[in-house]
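Enquirer: Contents of coords_32.txt (compact mmCIF, C-alpha atoms):
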```txt
# COMPACT_ATOMS: atom_id res chain seq x y z
CA MET R 1 30.94 5.64 -13.50
CA LYS R 2 30.18 2.51 -11.48
CA GLU R 3 26.71 1.03 -11.93
CA VAL R 4 25.02 -0.96 -9.15
CA ASP R 5 22.46 -3.20 -10.81
CA ALA R 6 19.87 -3.99 -8.14
CA ARG R 7 17.02 -4.41 -10.61
CA GLY R 8 14.39 -6.89 -9.47
CA LEU R 9 16.13 -7.75 -6.22
CA SER R 10 14.14 -8.01 -2.98
CA CYS R 11 14.56 -5.92 0.15
CA PRO R 12 17.11 -5.30 1.57
CA GLU R 13 19.50 -6.27 -1.24
CA PRO R 14 19.40 -2.91 -3.10
CA LEU R 15 20.29 -1.12 0.14
CA MET R 16 23.07 -3.58 0.96
CA MET R 17 24.54 -3.08 -2.51
CA THR R 18 24.28 0.71 -2.17
CA ASP R 19 25.97 0.46 1.23
CA GLU R 20 28.76 -1.67 -0.24
CA ALA R 21 29.34 0.86 -3.02
CA ILE R 22 29.53 3.73 -0.52
CA LYS R 23 31.94 1.76 1.71
CA GLU R 24 34.10 0.82 -1.26
CA GLY R 25 34.51 4.54 -1.90
CA ALA R 26 33.18 4.07 -5.41
CA GLY R 27 32.89 7.83 -5.91
CA GLU R 28 29.80 8.73 -7.90
CA PHE R 29 27.72 5.71 -8.82
CA THR R 30 24.27 4.88 -10.17
CA VAL R 31 21.90 2.37 -8.57
CA LEU R 32 19.38 0.74 -10.92
CA VAL R 33 16.13 -0.57 -9.42
CA THR R 34 12.85 -1.86 -10.85
CA GLU R 35 10.17 -0.79 -8.40
CA PRO R 36 9.24 2.74 -7.31
CA PHE R 37 9.40 1.87 -3.60
CA GLN R 38 12.94 0.53 -4.04
CA ARG R 39 13.93 3.88 -5.59
CA THR R 40 12.49 5.72 -2.55
CA ASN R 41 14.30 3.31 -0.22
CA VAL R 42 17.64 3.87 -1.96
CA GLU R 43 17.09 7.66 -1.88
CA LYS R 44 16.30 7.56 1.85
CA PHE R 45 19.29 5.34 2.50
CA ALA R 46 21.64 7.64 0.58
CA ARG R 47 20.27 10.63 2.49
CA SER R 48 20.80 8.80 5.81
CA LYS R 49 24.44 8.33 4.81
CA GLY R 50 24.79 12.07 4.19
CA LYS R 51 24.88 11.68 0.40
CA THR R 52 23.20 13.79 -2.25
CA PHE R 53 21.63 12.11 -5.26
CA THR R 54 19.83 12.64 -8.54
CA SER R 55 16.94 10.36 -9.51
CA GLY R 56 15.76 9.51 -12.96
CA GLU R 57 14.31 6.85 -15.23
CA LYS R 58 15.99 4.84 -17.94
CA ASP R 59 14.50 2.14 -20.18
CA GLY R 60 11.59 1.58 -17.79
CA TYR R 61 13.83 1.31 -14.73
CA TYR R 62 14.65 3.80 -12.01
CA THR R 63 18.06 5.26 -11.47
CA VAL R 64 19.47 6.91 -8.37
CA THR R 65 22.84 8.52 -8.97
CA VAL R 66 24.58 8.88 -5.61
CA HIS R 67 27.08 11.71 -5.69
CA ALA R 68 30.56 11.32 -4.27
CA MET K 1 2.24 12.24 1.09
CA VAL K 2 5.73 11.00 1.77
CA LEU K 3 6.29 9.14 5.01
CA ASP K 4 9.97 9.93 5.31
CA THR K 5 10.64 10.74 8.94
CA LYS K 6 10.51 8.59 12.06
CA TRP K 7 7.76 10.82 13.47
CA LYS K 8 5.52 10.45 10.43
CA LEU K 9 6.17 6.72 10.40
CA GLY K 10 5.41 6.50 14.12
CA ILE K 11 2.11 8.29 13.54
CA ALA K 12 1.30 5.87 10.69
CA GLY K 13 1.88 2.99 13.12
CA ALA K 14 -0.22 4.68 15.80
CA ALA K 15 -3.08 5.20 13.30
CA SER K 16 -2.97 1.49 12.48
CA GLY K 17 -3.06 0.79 16.22
CA VAL K 18 -6.20 2.92 16.61
CA LEU K 19 -7.84 1.03 13.74
CA ALA K 20 -6.86 -2.28 15.39
CA CYS K 21 -8.58 -1.06 18.58
CA VAL K 22 -11.73 -0.25 16.59
CA LEU K 23 -11.86 -3.85 15.36
CA ALA K 24 -11.30 -5.20 18.89
CA LEU K 25 -14.11 -3.01 20.23
CA LEU K 26 -16.52 -3.98 17.47
CA GLY K 27 -16.22 -7.73 17.80
CA ASN K 28 -12.97 -9.16 16.46
CA PRO K 29 -11.33 -11.76 18.73
CA ARG K 30 -9.40 -10.45 21.69
CA ASN K 31 -5.76 -9.63 20.94
CA MET K 32 -6.22 -10.52 17.28
CA ALA K 33 -7.36 -7.26 15.63
CA PHE K 34 -6.28 -8.14 12.10
CA CYS K 35 -3.71 -10.91 12.49
CA ILE K 36 -2.65 -11.78 8.96
CA ALA K 37 -1.89 -15.45 9.67
CA CYS K 38 -5.13 -15.99 11.59
CA PHE K 39 -7.24 -14.20 9.00
CA ILE K 40 -5.74 -15.98 5.99
CA ARG K 41 -6.33 -19.20 7.92
CA ASP K 42 -9.95 -18.22 8.69
CA THR K 43 -10.50 -17.36 5.03
CA ALA K 44 -9.05 -20.72 3.93
CA GLY K 45 -11.50 -22.35 6.33
CA ALA K 46 -14.49 -20.40 5.05
CA LEU K 47 -13.59 -21.50 1.52
CA LYS K 48 -13.47 -25.13 2.76
CA PHE K 49 -9.74 -25.61 2.24
CA HIS K 50 -9.77 -26.90 5.83
CA SER K 51 -12.60 -27.88 8.11
CA ALA K 52 -11.54 -26.66 11.57
CA ALA K 53 -14.96 -25.47 12.72
CA PRO K 54 -13.83 -22.67 15.11
CA VAL K 55 -11.71 -20.85 12.51
CA GLN K 56 -13.81 -20.34 9.40
CA TYR K 57 -14.72 -16.84 8.23
CA ALA K 58 -13.83 -14.96 5.04
CA ARG K 59 -12.21 -12.00 6.76
CA PRO K 60 -12.97 -8.73 4.95
CA GLU K 61 -9.81 -7.25 6.50
CA ILE K 62 -7.62 -9.35 4.17
CA ALA K 63 -9.52 -8.17 1.08
CA GLY K 64 -9.38 -4.62 2.44
CA LEU K 65 -5.62 -4.73 3.05
CA ILE K 66 -4.95 -5.97 -0.47
CA LEU K 67 -7.38 -3.57 -2.14
CA GLY K 68 -6.33 -0.58 -0.03
CA ALA K 69 -2.67 -1.10 -0.91
CA PHE K 70 -3.55 -1.78 -4.56
CA ILE K 71 -5.63 1.40 -4.92
CA ILE K 72 -3.09 3.68 -3.25
CA ALA K 73 -0.21 2.11 -5.20
CA ILE K 74 -2.04 2.84 -8.46
CA ALA K 75 -3.03 6.34 -7.31
CA THR K 76 0.50 7.26 -6.28
CA LYS K 77 2.19 5.57 -9.24
CA GLU K 78 3.87 2.91 -7.13
CA TYR K 79 2.19 -0.02 -8.85
CA LYS K 80 4.49 -2.13 -10.98
CA ALA K 81 3.89 -5.72 -12.04
CA THR K 82 6.96 -7.92 -11.54
CA ALA K 83 7.55 -11.67 -11.45
CA GLY K 84 10.21 -14.33 -11.67
CA SER K 85 12.22 -14.27 -8.44
CA SER K 86 12.20 -17.95 -7.34
CA PRO K 87 8.40 -18.23 -7.07
CA MET K 88 8.33 -21.84 -5.87
CA ILE K 89 10.89 -21.17 -3.15
CA ARG K 90 8.73 -18.25 -2.06
CA PHE K 91 5.72 -20.60 -1.99
CA VAL K 92 7.62 -22.87 0.40
CA LEU K 93 8.69 -19.88 2.52
CA GLY K 94 5.02 -18.81 2.68
CA MET K 95 4.10 -22.27 3.99
CA CYS K 96 6.93 -22.12 6.55
CA ILE K 97 5.77 -18.68 7.71
CA MET K 98 2.27 -20.01 8.28
CA ILE K 99 3.32 -23.23 10.02
CA GLY K 100 5.60 -21.26 12.37
CA ALA K 101 2.94 -18.62 12.99
CA LEU K 102 0.26 -21.16 13.85
CA ALA K 103 2.62 -22.97 16.26
CA PHE K 104 2.93 -19.65 18.11
CA LEU K 105 -0.67 -18.64 17.31
CA GLY K 106 -0.20 -15.42 15.42
CA CYS K 107 1.78 -13.49 12.86
CA PRO K 108 4.34 -10.83 13.90
CA LEU K 109 1.53 -8.24 13.96
CA ARG K 110 -0.43 -10.34 16.43
CA MET K 111 2.76 -10.91 18.42
CA VAL K 112 2.98 -7.13 18.94
CA ILE K 113 -0.75 -6.98 19.74
CA ARG K 114 -0.31 -9.77 22.31
CA MET K 115 2.77 -8.06 23.79
CA ALA K 116 0.72 -4.91 24.27
CA ALA K 117 -1.93 -6.92 26.13
CA GLY K 118 0.53 -8.36 28.66
CA ASP K 119 0.87 -11.81 27.12
CA TRP K 120 4.36 -12.80 28.24
CA ASN K 121 4.39 -15.70 25.76
CA ALA K 122 4.60 -13.10 23.01
CA TYR K 123 7.85 -11.77 24.50
CA VAL K 124 9.33 -15.28 24.36
CA ALA K 125 8.17 -15.41 20.74
CA LEU K 126 9.76 -12.00 20.08
CA ALA K 127 13.12 -13.42 21.18
CA GLY K 128 12.65 -16.26 18.69
CA PHE K 129 11.54 -13.84 15.97
CA VAL K 130 14.64 -11.66 16.47
CA CYS K 131 16.91 -14.73 16.37
CA GLY K 132 15.19 -15.92 13.17
CA ILE K 133 15.70 -12.51 11.56
CA ALA K 134 19.33 -12.44 12.74
CA THR K 135 19.85 -15.82 11.04
CA GLY K 136 18.30 -14.41 7.86
CA VAL K 137 20.55 -11.34 8.08
CA PHE K 138 23.58 -13.62 8.50
CA ALA K 139 22.54 -15.41 5.29
CA LEU K 140 22.02 -12.08 3.49
CA LYS K 141 25.51 -10.97 4.49
CA ARG K 142 26.85 -14.21 3.03
CA GLY K 143 25.21 -13.35 -0.28
CA PHE K 144 21.76 -14.92 0.01
CA SER K 145 19.36 -13.93 -2.75
CA LEU K 146 16.26 -15.36 -4.40
CA GLY K 147 17.30 -13.74 -7.66
CA ARG K 148 15.83 -11.02 -9.78
CA ALA K 149 12.20 -10.33 -10.56
CA TYR K 150 11.46 -8.92 -14.00
CA VAL K 151 8.87 -6.48 -15.23
CA ALA K 152 5.76 -8.45 -16.12
CA HIS K 153 2.49 -7.76 -17.91
CA LYS K 154 0.46 -5.27 -15.89
CA ALA K 155 -2.45 -7.68 -15.50
CA THR K 156 -0.24 -10.17 -13.60
CA GLY K 157 -0.45 -7.94 -10.56
CA TYR K 158 -4.21 -7.47 -10.87
CA VAL K 159 -4.95 -11.14 -10.20
CA LEU K 160 -4.64 -11.13 -6.40
CA PRO K 161 -6.67 -7.91 -5.88
CA VAL K 162 -9.41 -9.34 -8.15
CA ILE K 163 -9.42 -12.64 -6.22
CA ALA K 164 -9.56 -10.69 -2.93
CA LEU K 165 -12.52 -8.65 -4.20
CA ALA K 166 -14.28 -11.80 -5.41
CA ILE K 167 -13.79 -13.52 -2.03
CA PHE K 168 -15.17 -10.42 -0.30
CA LEU K 169 -18.23 -10.26 -2.57
CA GLY K 170 -18.84 -13.96 -1.91
CA LEU K 171 -19.68 -12.99 1.67
CA PHE K 172 -22.99 -11.66 0.36
CA ILE K 173 -24.01 -14.93 -1.32
CA PRO K 174 -25.92 -17.02 1.24
CA GLY K 175 -24.55 -20.52 1.81
CA LEU K 176 -21.42 -20.03 -0.29
CA TYR K 177 -18.95 -20.16 2.59
CA VAL K 178 -18.75 -22.00 5.89
CA PHE K 179 -18.84 -19.77 8.96
CA SER K 180 -17.80 -20.70 12.49
CA GLU K 181 -20.65 -20.83 14.98
CA SER K 182 -18.32 -20.66 17.96
CA GLY K 183 -14.65 -19.90 18.57
CA PRO K 184 -12.52 -17.11 17.10
CA GLY K 185 -14.02 -17.44 13.62
CA SER K 186 -17.46 -16.56 14.99
CA MET K 187 -16.18 -13.30 16.45
CA HIS K 188 -16.01 -10.45 14.01
CA ALA K 189 -16.69 -6.78 13.52
CA PRO K 190 -19.44 -5.76 11.04
CA ILE K 191 -18.43 -6.60 7.46
CA MET K 192 -18.19 -3.05 6.16
CA VAL K 193 -16.23 -1.84 9.21
CA SER K 194 -13.74 -4.69 8.70
CA LEU K 195 -13.44 -3.83 5.02
CA VAL K 196 -12.91 -0.10 5.61
CA VAL K 197 -10.34 -0.74 8.36
CA GLY K 198 -8.56 -3.14 6.01
CA LEU K 199 -8.57 -0.56 3.22
CA LEU K 200 -7.16 2.14 5.51
CA VAL K 201 -4.48 -0.08 7.05
CA GLY K 202 -3.58 -1.40 3.59
CA ALA K 203 -3.05 2.17 2.38
CA ILE K 204 -1.06 3.14 5.49
CA ALA K 205 1.05 -0.02 5.27
CA GLN K 206 1.78 0.62 1.59
CA LYS K 207 2.88 4.20 2.16
CA SER K 208 4.84 3.50 5.37
CA ARG K 209 6.42 0.21 4.11
CA MET K 210 5.24 -1.25 7.43
CA CYS K 211 7.03 -4.57 7.96
CA PHE K 212 7.54 -6.40 11.21
CA ALA K 213 10.45 -8.49 9.95
CA GLY K 214 11.96 -5.63 7.95
CA SER K 215 11.93 -3.31 10.96
CA ILE K 216 14.11 -5.59 13.06
CA ARG K 217 16.20 -6.61 10.02
CA ASP K 218 16.99 -2.97 9.25
CA VAL K 219 18.08 -2.34 12.84
CA ILE K 220 20.41 -5.37 12.82
CA LEU K 221 21.71 -4.98 9.28
CA LEU K 222 21.69 -1.26 8.55
CA LYS K 223 21.32 0.36 12.01
CA ASN K 224 18.25 2.01 10.50
CA PHE K 225 15.35 2.72 12.88
CA ASP K 226 12.77 4.04 10.36
CA LEU K 227 10.61 0.94 10.06
CA ILE K 228 10.72 0.12 13.75
CA SER K 229 9.18 3.58 14.43
CA VAL K 230 6.00 2.26 12.76
CA ILE K 231 5.91 -0.74 15.08
CA ALA K 232 6.70 1.41 18.13
CA GLY K 233 3.75 3.70 17.29
CA LEU K 234 1.44 0.69 16.90
CA PHE K 235 2.62 -0.90 20.15
CA ALA K 236 2.27 2.35 22.15
CA VAL K 237 -1.34 2.93 21.06
CA LEU K 238 -2.35 -0.67 21.74
CA LEU K 239 -0.67 -0.64 25.16
CA VAL K 240 -2.51 2.54 26.20
CA PHE K 241 -5.80 1.17 24.84
CA ASN K 242 -5.41 -2.14 26.67
CA ILE K 243 -4.51 -0.52 29.98
CA ALA K 244 -7.27 2.09 29.67
CA THR K 245 -9.98 -0.46 28.90
CA GLY K 246 -8.88 -3.11 31.39
CA ARG K 247 -7.71 -5.47 28.66
CA PHE K 248 -4.12 -5.59 29.91
CA THR K 249 -3.97 -8.98 31.65
CA PRO K 250 -0.35 -9.98 32.28
CA GLY K 251 0.50 -13.67 32.44
CA PHE K 252 1.52 -16.78 30.59
CA THR K 253 -1.75 -18.67 31.01
CA VAL K 254 -4.59 -16.19 30.66
CA PRO K 255 -7.58 -18.18 29.34
CA GLY K 256 -9.33 -16.96 26.22
CA THR K 257 -6.33 -15.08 24.84
CA ILE K 258 -5.68 -17.72 22.16
CA SER K 259 -2.15 -18.41 23.36
CA HIS K 260 -0.21 -21.28 24.89
CA PRO K 261 2.66 -21.34 27.40
CA GLU K 262 5.02 -23.77 25.62
CA HIS K 263 8.05 -21.50 25.63
CA LEU K 264 10.28 -23.55 23.35
CA TRP K 265 7.59 -23.74 20.67
CA ASN K 266 6.61 -20.09 20.97
CA PHE K 267 10.29 -19.32 20.45
CA LEU K 268 10.83 -21.77 17.59
CA GLY K 269 7.50 -20.94 15.92
CA MET K 270 8.43 -17.30 15.61
CA TYR K 271 12.05 -18.18 14.85
CA THR K 272 10.65 -19.92 11.77
CA VAL K 273 8.57 -16.88 10.86
CA GLY K 274 11.58 -14.59 11.39
CA ILE K 275 13.96 -16.49 9.14
CA ALA K 276 11.37 -17.30 6.45
CA ALA K 277 10.06 -13.72 6.34
CA THR K 278 13.59 -12.29 6.11
CA LEU K 279 14.41 -14.63 3.23
CA ALA K 280 11.11 -13.77 1.50
CA GLY K 281 11.75 -10.02 1.90
CA GLY K 282 8.98 -9.22 4.37
CA CYS K 283 6.53 -10.30 7.05
CA PRO K 284 3.05 -11.69 6.22
CA LEU K 285 1.52 -8.19 6.17
CA ARG K 286 4.28 -6.89 3.89
CA GLN K 287 3.80 -9.87 1.54
CA LEU K 288 0.14 -8.89 1.12
CA ILE K 289 1.11 -5.28 0.42
CA LEU K 290 3.92 -6.18 -2.01
CA ALA K 291 1.55 -8.52 -3.83
CA ALA K 292 -1.05 -5.75 -4.02
CA GLN K 293 1.41 -3.32 -5.58
CA GLY K 294 2.25 -5.75 -8.34
CA SER K 295 4.72 -8.36 -7.10
CA ALA K 296 3.56 -11.73 -8.40
CA ASP K 297 6.37 -13.31 -6.35
CA ALA K 298 4.91 -11.91 -3.13
CA GLY K 299 1.55 -13.14 -4.42
CA VAL K 300 2.99 -16.65 -4.57
CA THR K 301 4.20 -16.26 -0.97
CA VAL K 302 0.63 -15.32 -0.01
CA LEU K 303 -0.63 -18.46 -1.77
CA GLY K 304 1.98 -20.44 0.18
CA MET K 305 0.63 -18.98 3.42
CA PHE K 306 -2.93 -19.82 2.35
CA VAL K 307 -2.07 -23.44 1.54
CA GLY K 308 0.12 -23.64 4.65
CA SER K 309 -2.79 -22.60 6.85
CA ALA K 310 -4.97 -25.34 5.39
CA LEU K 311 -2.19 -27.89 5.95
CA CYS K 312 -1.90 -26.76 9.57
CA HIS K 313 -5.50 -27.64 10.28
CA ASN K 314 -5.84 -30.65 7.99
CA PHE K 315 -2.81 -32.34 9.56
CA GLY K 316 -3.12 -31.15 13.15
CA LEU K 317 -0.09 -28.83 13.17
CA ALA K 318 -1.65 -25.72 14.72
CA ALA K 319 -1.40 -25.05 18.44
CA SER K 320 -4.40 -24.84 20.75
CA GLY K 321 -5.05 -21.93 23.10
CA THR K 322 -5.29 -21.97 26.89
CA ALA K 323 -8.95 -22.24 27.87
CA MET K 324 -11.12 -22.27 30.97
CA ASN K 325 -13.91 -24.82 31.23
CA ALA K 326 -16.95 -22.67 32.04
CA GLU K 327 -18.62 -25.39 34.15
CA THR K 328 -15.71 -26.88 36.09
CA GLN K 329 -13.55 -23.71 36.11
CA GLU K 330 -10.68 -26.01 35.16
CA LEU K 331 -7.81 -24.45 33.23
CA THR K 332 -6.67 -26.39 30.16
CA LEU K 333 -3.29 -25.17 28.98
CA GLY K 334 -2.85 -24.63 25.27
CA ALA K 335 -0.18 -26.69 23.52
CA VAL K 336 1.52 -27.44 20.23
CA PRO K 337 0.65 -30.97 19.00
CA ALA K 338 3.47 -33.43 18.16
CA ASN K 339 2.79 -33.03 14.43
CA GLY K 340 3.16 -29.27 14.78
CA LYS K 341 6.51 -29.63 16.55
CA ILE K 342 7.84 -31.92 13.84
CA ALA K 343 6.57 -29.52 11.16
CA VAL K 344 8.30 -26.55 12.80
CA ILE K 345 11.62 -28.43 12.92
CA VAL K 346 11.23 -29.44 9.26
CA CYS K 347 10.45 -25.81 8.33
CA ILE K 348 13.55 -24.55 10.15
CA VAL K 349 15.73 -27.08 8.33
CA VAL K 350 14.14 -26.14 4.99
CA CYS K 351 14.68 -22.43 5.67
CA LEU K 352 18.32 -23.00 6.63
CA ILE K 353 18.92 -24.97 3.42
CA ILE K 354 17.33 -22.17 1.37
CA ALA K 355 19.26 -19.51 3.32
CA PHE K 356 22.67 -20.99 2.66
CA THR K 357 22.28 -22.41 -0.83
CA GLN K 358 20.71 -19.50 -2.76
CA LYS K 359 23.46 -17.02 -3.62
CA ARG K 360 23.32 -13.68 -5.39
CA GLU K 361 26.39 -14.53 -7.49
CA GLU K 362 24.61 -17.47 -9.07
CA VAL K 363 21.68 -15.47 -10.41
```
Represent the structure contained in this file as structure tokens.
Expert:
Amino acid sequence: MKEVDARGLSCPEPLMMTDEAIKEGAGEFTVLVTEPFQRTNVEKFARSKGKTFTSGEKDGYYTVTVHA
Amino acid sequence: MVLDTKWKLGIAGAASGVLACVLALLGNPRNMAFCIACFIRDTAGALKFHSAAPVQYARPEIAGLILGAFIIAIATKEYKATAGSSPMIRFVLGMCIMIGALAFLGCPLRMVIRMAAGDWNAYVALAGFVCGIATGVFALKRGFSLGRAYVAHKATGYVLPVIALAIFLGLFIPGLYVFSESGPGSMHAPIMVSLVVGLLVGAIAQKSRMCFAGSIRDVILLKNFDLISVIAGLFAVLLVFNIATGRFTPGFTVPGTISHPEHLWNFLGMYTVGIAATLAGGCPLRQLILAAQGSADAGVTVLGMFVGSALCHNFGLAASGTAMNAETQELTLGAVPANGKIAVIVCIVVCLIIAFTQKREEV
């Protein structure tokens, strides 16, 4: 599964990278972010694109797995 | 509470607008409410980092914004200390934001406040602000990045809130600060009202992600209208308040509004703010909020704004406002001094160099 590593990047880079992954037709992929508000932003963005997602935490970072 | 719909976000903006009106009614300068650039500048003056007599007051709103965002971030588990994303470049961007803002005479928040009061100069500035953001978006699309921030020791993010609290408490020590006896710095709401409004707006801004640069950036880049709902709510409330209380005075040269009619420099001043804020990841207000929720990098941008404001007044970069001589009834138009014009051009060049040399691939 593709991993989009947006950890520590400023707004709007995590959203741009998520957008790129959706446009590339990456299927299911996981976005990694550092800050809680970035996780919420990625979740909202995925929802606005009609995607479902599962959120979690891994090694102190946040993960948002965007479903295909 | 999750602010996840345009309606909720619009209401958050409207609530901030109501709080801005409270400050205007209780003594803050007209059309200023809680301008971030002006109030950081006033605070720098009170702490004697510059000596421009009309603009010296340790604004409790700034401490309130930082502490309000800090407290709610901790309470809602959104606090996380991070650092390491090009701090010195962010310092420079903070200085550019302030130099551009003081050429226009206000941050993006004040631009919206001025727009809602009929100040046409603010609409010229809005055009510049949008162009600056569009330039930043163009750079982002070409891969611009200031690199990654990393998780830092928790205490790193406590520094700015502690400094803000200390500056606020200093207000109660007689003779510690310099306070303006006339001019905008002498006009202020009661200390505790200013603090409480700051705390509330800080909390609202943290939960709503309120950002004046981000709102326009998201529309251009992502066709996302969430953040601009916050600004629309704020603008609507202020417009109604101004019209209802007779404070809506349309024009380019209304005396006492702390504005000037130099269109090119209103445009370029806010162009600078637009590009620098987009590169730094948020407007001056958002930088305060990000810093409060743990970003040491945003904290460095705030320090850049603080130092930038002192530079503006120590080296004669800041614009003057249109004023009426009370005795002669003569109108003196506000203007940007030559030094300020040169500084704005230098800032634009610096921002463009940063925008097109810092790439995500290289980090």
Enquirer: Which one of K:Thr156, K:Ser194, K:Asn224, K:Thr43 sits closest to chain R if you count all atoms listed in the file?
Expert: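 Closest candidate: K:Asn224.
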Enquirer: Select all residues from chain K having any atom no more than 7 Å from an atom of chain R (counting all atoms listed in the file, ignoring ligands), output as an mmCIF file with C-alpha atoms, in the frame of the given file.
Expert:
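The new file part.cif reads:
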```
data_model
loop_
_atom_site.group_PDB
_atom_site.id
_atom_site.type_symbol
_atom_site.label_atom_id
_atom_site.label_comp_id
_atom_site.auth_asym_id
_atom_site.auth_seq_id
_atom_site.Cartn_x
_atom_site.Cartn_y
_atom_site.Cartn_z
ATOM 1 C CA GLU K 78 3.870 2.910 -7.130
ATOM 2 C CA LYS K 80 4.490 -2.130 -10.980
ATOM 3 C CA GLY K 147 17.300 -13.740 -7.660
ATOM 4 C CA ARG K 148 15.830 -11.020 -9.780
ATOM 5 C CA ALA K 149 12.200 -10.330 -10.560
ATOM 6 C CA TYR K 150 11.460 -8.920 -14.000
ATOM 7 C CA GLY K 281 11.750 -10.020 1.900
#
```
Enquirer: How would you write as a VMD selection string the residues that get within 12 Å of (23.3, 12.6, 2.5) in the file's frame, counting all atoms listed in the file?
Expert: chain R and resid 22 42 to 54 66 to 68
Enquirer: In terms of the shortest atom-to-atom distance over only C-alpha atoms, which of K:Leu65, K:Leu200, K:Leu146, K:Leu311 is closest to K:Pro87?
Expert: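 Looking only at the distances to K:Pro87, the closest residue turns out to be K:Leu146.
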Enquirer: In Å, how far is it from atom CA of R:Asp5 to atom CA of R:Val33?
Expert: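 Distance between the two atoms: 7.0 Å.
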Enquirer: Please list as a list in words every residue within 9 Å of K:Lys8, counting all atoms listed in the file and excluding residues in the same chain fewer than 5 positions away.
Expert: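 The filter keeps Val2, Leu3, Gly13, Ser208, Ser229 and Val230 of chain K.
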Enquirer: Which polymer residues, protein or nucleic acid, are no farther than 7 Å from (-13.1, -5.3, 13.6), counting only C-alpha atoms, as a ChimeraX atom specification?
Expert: /K:22-24,26-28,33,188-190,193-194
Enquirer: Taking N, CA and C atoms as the atom set, what does stretch 41-52 of chain R look like once completed, written as a JSON list (two decimals), in the frame of the given file?
Expert:
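Contents of rebuild_4.json, freshly written:
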```json
[["chain", "number", "residue", "atom", "x", "y", "z"],
["R", 41, "ASN", "N", 13.46, 3.89, -1.28],
["R", 41, "ASN", "CA", 14.30, 3.31, -0.22],
["R", 41, "ASN", "C", 15.77, 3.66, -0.42],
["R", 42, "VAL", "N", 16.22, 3.56, -1.68],
["R", 42, "VAL", "CA", 17.64, 3.87, -1.96],
["R", 42, "VAL", "C", 17.90, 5.36, -1.71],
["R", 43, "GLU", "N", 16.94, 6.21, -2.11],
["R", 43, "GLU", "CA", 17.09, 7.66, -1.88],
["R", 43, "GLU", "C", 17.20, 7.95, -0.38],
["R", 44, "LYS", "N", 16.29, 7.33, 0.39],
["R", 44, "LYS", "CA", 16.30, 7.56, 1.85],
["R", 44, "LYS", "C", 17.60, 7.06, 2.46],
["R", 45, "PHE", "N", 18.05, 5.92, 1.96],
["R", 45, "PHE", "CA", 19.29, 5.34, 2.50],
["R", 45, "PHE", "C", 20.48, 6.25, 2.21],
["R", 46, "ALA", "N", 20.54, 6.75, 0.96],
["R", 46, "ALA", "CA", 21.64, 7.64, 0.58],
["R", 46, "ALA", "C", 21.63, 8.90, 1.44],
["R", 47, "ARG", "N", 20.41, 9.42, 1.67],
["R", 47, "ARG", "CA", 20.27, 10.63, 2.49],
["R", 47, "ARG", "C", 20.76, 10.35, 3.91],
["R", 48, "SER", "N", 20.38, 9.14, 4.44],
["R", 48, "SER", "CA", 20.80, 8.80, 5.81],
["R", 48, "SER", "C", 22.32, 8.67, 5.92],
["R", 49, "LYS", "N", 22.97, 8.44, 4.80],
["R", 49, "LYS", "CA", 24.44, 8.33, 4.81],
["R", 49, "LYS", "C", 25.09, 9.67, 4.47],
["R", 50, "GLY", "N", 24.26, 10.73, 4.44],
["R", 50, "GLY", "CA", 24.79, 12.07, 4.19],
["R", 50, "GLY", "C", 25.16, 12.31, 2.73],
["R", 51, "LYS", "N", 24.56, 11.53, 1.83],
["R", 51, "LYS", "CA", 24.88, 11.68, 0.40],
["R", 51, "LYS", "C", 23.80, 12.48, -0.31],
["R", 52, "THR", "N", 24.20, 13.17, -1.37],
["R", 52, "THR", "CA", 23.20, 13.79, -2.25],
["R", 52, "THR", "C", 23.02, 12.87, -3.45]]
```
